[in-house]
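S.K.: query.csv is the file, holding CSV, C-alpha atoms:
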chain,number,residue,atom,x,y,z
B,1,MET,CA,1.1,10.7,17.2
B,2,GLU,CA,-1.4,8.2,18.6
B,3,LYS,CA,-3.1,6.0,16.1
B,4,ASN,CA,-6.7,7.0,17.0
B,5,LEU,CA,-9.0,8.9,14.7
B,6,ILE,CA,-7.1,11.3,12.5
B,7,GLN,CA,-9.1,14.2,11.3
B,8,ASP,CA,-7.7,14.6,7.8
B,9,LEU,CA,-5.0,13.5,5.4
B,10,SER,CA,-2.6,16.3,6.3
B,11,PHE,CA,-1.0,14.1,9.0
B,12,LEU,CA,0.9,12.4,6.1
B,13,SER,CA,3.3,15.3,6.2
B,14,SER,CA,4.4,14.4,9.7
B,15,ASN,CA,6.7,11.6,8.6
B,16,GLU,CA,9.4,11.9,5.9
B,17,TYR,CA,9.5,8.2,5.2
B,18,TRP,CA,6.4,6.0,5.5
B,19,GLY,CA,7.9,3.5,3.1
B,20,ARG,CA,4.9,2.0,1.3
B,21,GLY,CA,1.4,2.8,2.3
B,22,ILE,CA,-2.2,1.5,1.7
B,23,LEU,CA,-5.3,3.6,2.4
B,24,ILE,CA,-8.8,2.1,2.0
B,25,GLY,CA,-12.1,3.7,2.9
B,26,ASN,CA,-15.7,4.6,1.9
B,27,LEU,CA,-17.1,7.9,0.9
B,28,LYS,CA,-20.4,8.9,-0.8
B,29,GLY,CA,-21.2,5.4,-2.2
B,30,LYS,CA,-17.7,4.8,-3.4
B,31,VAL,CA,-14.7,2.8,-2.2
B,32,TYR,CA,-11.6,4.9,-2.1
B,33,ILE,CA,-8.2,3.3,-2.4
B,34,GLY,CA,-4.7,4.8,-2.2
B,35,TYR,CA,-1.4,3.1,-2.7
B,36,PHE,CA,2.0,4.9,-2.7
B,37,ILE,CA,5.7,4.0,-2.7
B,38,MET,CA,8.6,5.9,-1.3
B,39,GLY,CA,12.3,5.1,-1.6
B,40,ARG,CA,15.7,6.1,-0.4
B,41,SER,CA,18.1,4.2,-2.7
B,42,GLN,CA,18.6,4.8,-6.4
B,43,ASN,CA,17.3,1.4,-7.2
B,44,SER,CA,14.1,2.0,-5.2
B,45,ARG,CA,13.6,5.4,-6.8
B,46,ASN,CA,14.0,4.1,-10.3
B,47,ARG,CA,10.4,3.1,-10.7
B,48,TYR,CA,7.0,4.3,-11.9
B,49,PHE,CA,3.4,3.1,-11.9
B,50,TYR,CA,1.3,2.3,-15.0
B,51,GLU,CA,-2.1,0.7,-15.7
B,52,ASP,CA,-2.1,-2.8,-17.1
B,53,GLY,CA,-5.8,-3.5,-17.9
B,54,GLU,CA,-7.6,-3.6,-14.6
B,55,ASN,CA,-4.3,-4.0,-12.7
B,56,LEU,CA,-1.6,-1.6,-11.5
B,57,ALA,CA,2.0,-2.4,-12.4
B,58,ILE,CA,5.4,-1.1,-11.6
B,59,ALA,CA,8.3,-0.8,-14.1
B,60,PRO,CA,11.8,0.6,-13.9
B,61,TYR,CA,12.2,4.1,-15.2
B,62,ASP,CA,15.7,3.4,-16.5
B,63,VAL,CA,16.3,-0.3,-17.3
B,64,ASP,CA,20.0,0.2,-17.5
B,65,LYS,CA,20.2,1.4,-13.9
B,66,LEU,CA,18.0,-1.4,-12.5
B,67,GLU,CA,19.9,-3.5,-9.9
B,68,ASP,CA,17.8,-6.1,-8.0
B,69,PRO,CA,14.2,-6.2,-9.3
B,70,SER,CA,13.1,-9.0,-6.9
B,71,LEU,CA,11.5,-6.7,-4.2
B,72,ILE,CA,10.7,-3.6,-6.2
B,73,ILE,CA,9.0,-4.8,-9.4
B,74,TYR,CA,5.5,-6.3,-8.9
B,75,TYR,CA,1.8,-5.8,-9.3
B,76,PRO,CA,0.6,-3.6,-6.5
B,77,VAL,CA,-3.1,-3.9,-7.5
B,78,LYS,CA,-5.0,-6.8,-9.1
B,79,THR,CA,-8.7,-7.4,-9.7
B,80,SER,CA,-10.1,-10.8,-8.8
B,81,GLY,CA,-13.9,-11.1,-9.4
B,82,ASP,CA,-15.6,-8.5,-7.3
B,83,LYS,CA,-12.6,-8.0,-5.1
B,84,LEU,CA,-9.5,-5.8,-5.4
B,85,ILE,CA,-6.1,-6.9,-4.0
B,86,VAL,CA,-3.5,-4.2,-3.1
B,87,THR,CA,-0.1,-5.0,-1.6
B,88,ASN,CA,3.5,-3.9,-1.4
B,89,GLY,CA,5.0,-6.9,-3.1
B,90,ASP,CA,4.5,-10.1,-5.1
B,91,GLN,CA,2.1,-11.4,-2.4
B,92,THR,CA,-0.5,-9.8,-4.8
B,93,ASP,CA,0.1,-12.8,-7.0
B,94,THR,CA,0.0,-15.2,-4.0
B,95,ILE,CA,-3.4,-13.9,-3.0
B,96,GLU,CA,-4.8,-14.0,-6.5
B,97,GLU,CA,-3.6,-17.6,-7.1
B,98,GLY,CA,-5.0,-18.6,-3.7
B,99,PHE,CA,-8.4,-17.4,-4.7
B,100,ARG,CA,-8.3,-19.6,-7.8
B,101,GLU,CA,-7.4,-22.5,-5.5
B,102,GLY,CA,-10.3,-21.8,-3.1
B,103,LYS,CA,-8.1,-20.3,-0.4
B,104,THR,CA,-9.0,-17.2,1.6
B,105,PHE,CA,-7.0,-14.0,1.9
B,106,GLN,CA,-5.6,-15.1,5.3
B,107,GLU,CA,-4.8,-18.6,4.2
B,108,SER,CA,-2.7,-17.4,1.3
B,109,LEU,CA,-0.8,-14.9,3.5
B,110,ARG,CA,0.1,-17.7,5.9
B,111,THR,CA,2.4,-19.0,3.2
B,112,ARG,CA,4.4,-15.7,3.1
B,113,CYS,CA,6.5,-13.7,5.5
B,114,PHE,CA,8.3,-10.4,5.6
B,115,GLU,CA,10.9,-9.4,3.0
B,116,PRO,CA,14.4,-10.8,3.3
B,117,ASP,CA,16.1,-7.4,3.3
B,118,GLU,CA,18.2,-7.5,6.4
B,119,PRO,CA,18.4,-5.5,8.7
B,120,ASN,CA,15.1,-3.8,7.8
B,121,TYR,CA,13.1,-7.0,7.2
B,122,THR,CA,10.5,-4.9,5.5
B,123,PRO,CA,6.9,-6.0,6.4
B,124,ARG,CA,4.5,-7.2,3.7
B,125,ILE,CA,1.3,-5.1,3.9
B,126,SER,CA,-1.8,-6.2,2.0
B,127,GLY,CA,-5.4,-5.1,1.5
B,128,LEU,CA,-8.5,-6.8,0.2
B,129,VAL,CA,-11.5,-4.8,-0.8
B,130,SER,CA,-15.1,-5.9,-1.7
B,131,MET,CA,-16.0,-3.6,-4.5
B,132,LYS,CA,-19.7,-4.3,-4.0
B,133,THR,CA,-20.0,-3.7,-0.2
B,134,GLY,CA,-17.0,-1.6,0.7
B,135,ASP,CA,-16.0,-4.1,3.4
B,136,PHE,CA,-12.2,-4.6,3.5
B,137,SER,CA,-9.3,-6.4,5.2
B,138,MET,CA,-5.8,-5.4,5.9
B,139,SER,CA,-2.8,-7.5,6.9
B,140,ILE,CA,0.8,-7.0,7.9
B,141,LEU,CA,3.5,-9.7,8.0
B,142,LYS,CA,6.5,-8.6,10.0
B,143,ASN,CA,9.6,-9.9,11.7
B,144,GLN,CA,9.0,-10.9,15.3
B,145,ASP,CA,12.4,-11.5,16.8
B,146,GLY,CA,14.6,-8.9,15.1
B,147,LYS,CA,16.7,-11.7,13.7
B,148,GLY,CA,14.8,-12.5,10.6
B,149,GLU,CA,13.8,-16.0,11.9
B,150,LEU,CA,10.2,-15.5,13.1
B,151,CYS,CA,7.2,-14.0,11.4
B,152,ALA,CA,4.2,-12.4,13.1
B,153,ARG,CA,1.0,-12.2,11.0
B,154,TYR,CA,-1.8,-9.7,11.8
B,155,LEU,CA,-5.2,-9.5,10.1
B,156,TYR,CA,-7.7,-6.6,10.5
B,157,GLU,CA,-11.2,-6.8,9.1
B,158,TYR,CA,-13.4,-3.7,8.7
B,159,GLY,CA,-17.0,-3.2,7.7
B,160,CYS,CA,-18.1,-0.3,5.4
B,161,GLN,CA,-18.2,2.9,7.4
B,162,GLU,CA,-19.2,6.0,5.5
B,163,GLY,CA,-16.6,8.7,5.7
B,164,ASN,CA,-13.9,6.6,7.3
B,165,GLY,CA,-10.7,5.0,6.1
B,166,ARG,CA,-7.8,3.0,7.4
B,167,PHE,CA,-4.1,3.5,6.6
B,168,ILE,CA,-1.3,1.0,7.0
B,169,HIS,CA,2.3,1.5,6.1
B,170,THR,CA,5.7,-0.3,6.3
B,171,TYR,CA,7.8,2.0,8.5
B,172,GLU,CA,7.3,4.1,11.6
B,173,LYS,CA,9.9,6.7,10.6
B,174,ASN,CA,13.2,7.3,8.7
B,175,ASP,CA,16.0,5.6,10.5
B,176,ASN,CA,18.6,2.9,10.2
B,177,PRO,CA,17.5,0.2,10.4
B,178,LEU,CA,14.0,1.2,9.5
B,179,PRO,CA,11.5,0.6,12.4
B,180,THR,CA,8.5,-1.5,11.4
B,181,PHE,CA,4.9,-0.3,11.6
B,182,CYS,CA,3.3,-1.0,15.0
B,183,GLY,CA,-0.3,-1.2,16.1
B,184,GLU,CA,-3.7,-1.2,14.3
B,185,PRO,CA,-4.0,0.7,11.0
B,186,TRP,CA,-4.7,4.4,11.5
B,187,SER,CA,-8.4,5.4,11.5
B,188,ILE,CA,-8.9,8.5,9.2
B,189,ASP,CA,-11.9,10.8,8.8
B,190,LEU,CA,-12.4,11.0,5.0
B,191,SER,CA,-15.6,13.1,5.2
B,192,GLY,CA,-13.7,16.2,3.9
B,193,ALA,CA,-11.4,14.3,1.4
B,194,GLY,CA,-13.3,15.6,-1.6
B,195,ASP,CA,-13.4,14.0,-5.0
B,196,LEU,CA,-10.8,11.5,-6.2
B,197,GLU,CA,-8.6,14.2,-7.7
B,198,THR,CA,-8.6,16.2,-4.5
B,199,PHE,CA,-8.0,13.0,-2.5
B,200,GLY,CA,-5.0,12.1,-4.7
B,201,ASN,CA,-3.5,15.6,-4.7
B,202,THR,CA,-3.7,15.9,-0.9
B,203,ILE,CA,-1.9,12.6,-0.4
B,204,TRP,CA,0.8,13.4,-3.0
B,205,ASN,CA,1.4,16.9,-1.8
B,206,CYS,CA,1.7,15.7,1.8
B,207,LEU,CA,4.3,13.0,1.1
B,208,ASP,CA,8.0,14.0,1.5
B,209,ASP,CA,9.2,15.4,-1.8
B,210,GLU,CA,12.6,13.9,-1.5
B,211,ASN,CA,11.4,10.3,-0.9
B,212,LYS,CA,8.1,10.0,-2.7
B,213,ILE,CA,8.1,8.0,-5.9
B,214,SER,CA,4.6,7.1,-7.1
B,215,LEU,CA,1.0,7.2,-6.1
B,216,CYS,CA,-2.2,5.5,-7.4
B,217,VAL,CA,-5.7,6.4,-6.2
B,218,MET,CA,-8.9,4.7,-7.2
B,219,SER,CA,-12.6,5.2,-6.6
B,220,ILE,CA,-15.1,2.4,-7.3
B,221,ASP,CA,-18.8,3.0,-7.4
B,222,LYS,CA,-20.3,0.2,-5.3
B,223,GLU,CA,-23.6,0.2,-7.2
B,224,THR,CA,-22.4,0.5,-10.8
B,225,GLY,CA,-18.8,-0.8,-10.5
B,226,ASP,CA,-17.5,2.2,-12.4
B,227,ARG,CA,-13.8,2.7,-11.6
B,228,THR,CA,-11.7,5.9,-11.9
B,229,THR,CA,-7.9,5.7,-11.5
B,230,ILE,CA,-5.4,8.5,-11.1
B,231,ILE,CA,-1.6,7.9,-11.1
B,232,LYS,CA,1.2,10.2,-10.1
B,233,ASN,CA,4.8,9.5,-10.8
B,234,LYS,CA,7.6,11.8,-9.7
B,235,ARG,CA,10.1,10.6,-12.4
B,236,MET,CA,7.5,11.0,-15.2
B,237,GLY,CA,6.8,14.6,-14.5
B,238,ASP,CA,3.2,14.1,-13.1
Step by step, read the file and then write its structure as structure tokens.
M.R.:
Amino acid sequence: MEKNLIQDLSFLSSNEYWGRGILIGNLKGKVYIGYFIMGRSQNSRNRYFYEDGENLAIAPYDVDKLEDPSLIIYYPVKTSGDKLIVTNGDQTDTIEEGFREGKTFQESLRTRCFEPDEPNYTPRISGLVSMKTGDFSMSILKNQDGKGELCARYLYEYGCQEGNGRFIHTYEKNDNPLPTFCGEPWSIDLSGAGDLETFGNTIWNCLDDENKISLCVMSIDKETGDRTTIIKNKRMGD
């Protein structure tokens, strides 16, 4: 499938393993954000999302079965002033700390690279959203040489476009090793996405049932700042 304009979210059923995914867009005066995780191993599947104040956190479902927490337990979403940070790893903290030091989104990500999980070298995907304007950025840090030695860093910046969203994910398909996302983030027509509950249900129902773990969707009113969050966790019975 070419990464041009996708008509609706049903295309998410076309891939059994996206890995982790970030979707950001604008619809009817609100910023829509979606973040999901999928997993193949027991360690990766042993997780759930929960709200921690204005942030989104991940915790192990069964602490006794937790193996290596270093790449699977982190804050996917943090609020920093009028901006929202969403990522697939602890670079969330790097970006937040960078803002406190006067660094930009891009400058902070220059200090990071892909994950050290040979042979997949999982890319780090990140998003930054202005909750006032709806403008947003996306980034991917991925292995360049297939050997885990060189990192390629890509930054995409988008202005607010009513009814349009962008989707970036970690893997192209389910394989061994996992092939890294390629190209620009998908452009998605959100005009028929409906309210936040419909938006979340559509994403959740389209994700492969065997591999999906958790999903968080948010809507933020750009005028009032009001935020609504919906979380779905497979292991928690949602």
S.K.: List as a Markdown table every residue of segment 21-116 of chain B that is in contact with segment 146-159 of chain B, defined as an atom at most 9 Å from one of its atoms (using all atoms listed in the file), together with the nearest atom pair and the distance in Å rounded to one decimal, sorted by chain and then rising number.
M.R.:
| residue | atom | partner | partner_atom | distance |
| --- | --- | --- | --- | --- |
| B:Gln106 | CA | B:Leu155 | CA | 7.4 |
| B:Leu109 | CA | B:Arg153 | CA | 8.2 |
| B:Arg110 | CA | B:Arg153 | CA | 7.6 |
| B:Arg112 | CA | B:Cys151 | CA | 8.9 |
| B:Cys113 | CA | B:Cys151 | CA | 5.9 |
| B:Phe114 | CA | B:Cys151 | CA | 6.9 |
| B:Pro116 | CA | B:Gly148 | CA | 7.5 |
S.K.: Ranking B:Phe105, B:Phe167, B:Tyr17, B:Phe99 by minimum distance to Leu128 of chain B and counting all atoms listed in the file, which one comes first?
M.R.: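 The closest residue to Leu128 of chain B is B:Phe105.
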S.K.: When you draw a straight line from atom CA of His169 of chain B to atom CA of Ile22 of chain B, how long is it in Å?
M.R.: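 Atom CA of Ile22 of chain B lies at a distance of 6.3 Å from atom CA of His169 of chain B.
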S.K.: Taking only C-alpha atoms into account, name the residue in B:Leu178, B:Ile168, B:Ile220, B:Ile95 that is nearest to Lys78 of chain B.
M.R.: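 Of B:Leu178, B:Ile168, B:Ile220, B:Ile95, the one nearest Lys78 of chain B is B:Ile95, counting only C-alpha atoms.
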S.K.: Need to verify the contact set: Ile58 of chain B, 10 Å, only C-alpha atoms, exclusion of same-chain residues closer than 6 positions in sequence. Can you return it as a list in words?
M.R.: Arg47, Tyr48, Phe49, Tyr50, Glu51, Asp52, Ile72, Ile73, Tyr74, Tyr75, Pro76, Val77 and Ser214 of chain B
S.K.: Calculated over all atoms listed in the file, which of the candidates B:Ser44, B:Asn26, B:Asn143, B:Ser137 has the smallest distance to Asp221 of chain B?
M.R.: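 Between B:Ser44, B:Asn26, B:Asn143, B:Ser137, the residue approaching Asp221 of chain B most closely is B:Asn26.
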S.K.: From the structure block, carefully write segment 93-123 of chain B out with N, CA, C and O atoms; format it as a CSV table (one decimal), in the first residue's frame.
M.R.:
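Generated file (selection-v7.csv):
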chain,number,residue,atom,x,y,z
B,93,ASP,N,11.1,11.5,28.2
B,93,ASP,CA,11.8,12.2,29.2
B,93,ASP,C,12.9,13.1,28.7
B,93,ASP,O,13.1,14.2,29.1
B,94,THR,N,13.6,12.6,27.7
B,94,THR,CA,14.7,13.4,27.0
B,94,THR,C,14.2,14.7,26.5
B,94,THR,O,14.8,15.8,26.6
B,95,ILE,N,13.0,14.6,25.8
B,95,ILE,CA,12.4,15.8,25.2
B,95,ILE,C,11.9,16.8,26.2
B,95,ILE,O,12.1,18.0,26.2
B,96,GLU,N,11.3,16.2,27.3
B,96,GLU,CA,10.8,17.1,28.3
B,96,GLU,C,11.9,17.8,29.0
B,96,GLU,O,11.8,19.0,29.3
B,97,GLU,N,13.0,17.1,29.4
B,97,GLU,CA,14.1,17.7,30.0
B,97,GLU,C,14.8,18.7,29.1
B,97,GLU,O,15.3,19.8,29.6
B,98,GLY,N,14.8,18.4,27.8
B,98,GLY,CA,15.4,19.4,26.9
B,98,GLY,C,14.7,20.7,26.9
B,98,GLY,O,15.3,21.8,26.8
B,99,PHE,N,13.3,20.6,26.9
B,99,PHE,CA,12.5,21.9,27.0
B,99,PHE,C,12.9,22.7,28.2
B,99,PHE,O,13.0,24.0,28.1
B,100,ARG,N,13.1,22.1,29.3
B,100,ARG,CA,13.5,22.8,30.5
B,100,ARG,C,14.9,23.5,30.4
B,100,ARG,O,15.2,24.5,31.0
B,101,GLU,N,15.7,22.9,29.5
B,101,GLU,CA,17.1,23.4,29.3
B,101,GLU,C,17.1,24.4,28.1
B,101,GLU,O,18.2,24.8,27.7
B,102,GLY,N,16.0,24.7,27.5
B,102,GLY,CA,15.9,25.6,26.4
B,102,GLY,C,16.2,24.9,25.0
B,102,GLY,O,16.4,25.6,24.0
B,103,LYS,N,16.2,23.6,25.0
B,103,LYS,CA,16.5,22.9,23.7
B,103,LYS,C,15.2,22.7,22.9
B,103,LYS,O,14.1,22.7,23.5
B,104,THR,N,15.3,22.5,21.6
B,104,THR,CA,14.1,22.2,20.8
B,104,THR,C,13.9,20.7,20.8
B,104,THR,O,14.7,19.9,21.2
B,105,PHE,N,12.8,20.4,20.2
B,105,PHE,CA,12.4,19.0,20.0
B,105,PHE,C,13.5,18.3,19.2
B,105,PHE,O,14.0,17.2,19.6
B,106,GLN,N,14.0,18.9,18.1
B,106,GLN,CA,15.0,18.3,17.3
B,106,GLN,C,16.3,18.2,18.0
B,106,GLN,O,17.0,17.2,17.9
B,107,GLU,N,16.7,19.2,18.7
B,107,GLU,CA,18.0,19.2,19.4
B,107,GLU,C,18.0,18.1,20.4
B,107,GLU,O,19.1,17.4,20.6
B,108,SER,N,17.0,17.9,21.1
B,108,SER,CA,16.9,16.8,22.1
B,108,SER,C,17.1,15.4,21.5
B,108,SER,O,17.8,14.6,22.0
B,109,LEU,N,16.4,15.3,20.4
B,109,LEU,CA,16.4,14.0,19.7
B,109,LEU,C,17.8,13.7,19.0
B,109,LEU,O,18.1,12.5,18.8
B,110,ARG,N,18.5,14.7,18.8
B,110,ARG,CA,19.9,14.5,18.3
B,110,ARG,C,20.8,13.7,19.3
B,110,ARG,O,21.8,13.2,18.9
B,111,THR,N,20.4,13.7,20.5
B,111,THR,CA,21.2,13.0,21.6
B,111,THR,C,20.8,11.6,21.7
B,111,THR,O,21.4,10.8,22.5
B,112,ARG,N,19.8,11.1,21.0
B,112,ARG,CA,19.3,9.8,21.1
B,112,ARG,C,19.4,9.1,19.7
B,112,ARG,O,19.6,9.7,18.7
B,113,CYS,N,19.3,7.7,19.8
B,113,CYS,CA,19.2,6.9,18.5
B,113,CYS,C,18.2,5.8,18.7
B,113,CYS,O,17.5,5.8,19.7
B,114,PHE,N,18.2,4.9,17.8
B,114,PHE,CA,17.3,3.7,17.8
B,114,PHE,C,17.6,2.9,19.0
B,114,PHE,O,18.6,3.0,19.7
B,115,GLU,N,16.7,1.9,19.3
B,115,GLU,CA,16.9,1.0,20.4
B,115,GLU,C,17.9,0.0,20.2
B,115,GLU,O,18.1,-0.5,19.0
B,116,PRO,N,18.6,-0.5,21.2
B,116,PRO,CA,19.7,-1.4,21.0
B,116,PRO,C,19.3,-2.9,21.1
B,116,PRO,O,19.9,-3.7,21.7
B,117,ASP,N,18.2,-3.2,20.4
B,117,ASP,CA,17.6,-4.5,20.4
B,117,ASP,C,18.0,-5.3,19.1
B,117,ASP,O,17.1,-5.6,18.3
B,118,GLU,N,19.2,-5.6,19.0
B,118,GLU,CA,19.7,-6.4,17.8
B,118,GLU,C,18.9,-7.6,17.7
B,118,GLU,O,18.6,-8.3,18.7
B,119,PRO,N,18.4,-8.1,16.5
B,119,PRO,CA,18.7,-7.5,15.2
B,119,PRO,C,17.7,-6.5,14.6
B,119,PRO,O,17.8,-6.0,13.5
B,120,ASN,N,16.7,-6.2,15.5
B,120,ASN,CA,15.6,-5.4,15.0
B,120,ASN,C,16.0,-3.9,15.0
B,120,ASN,O,15.5,-3.1,14.1
B,121,TYR,N,16.8,-3.5,15.9
B,121,TYR,CA,17.1,-2.1,16.1
B,121,TYR,C,15.9,-1.2,15.9
B,121,TYR,O,15.8,-0.3,15.1
B,122,THR,N,14.9,-1.5,16.8
B,122,THR,CA,13.6,-0.8,16.8
B,122,THR,C,13.8,0.8,16.7
B,122,THR,O,14.5,1.3,17.5
B,123,PRO,N,13.2,1.4,15.8
B,123,PRO,CA,13.3,2.9,15.7
B,123,PRO,C,12.6,3.6,16.8
B,123,PRO,O,11.6,3.0,17.4
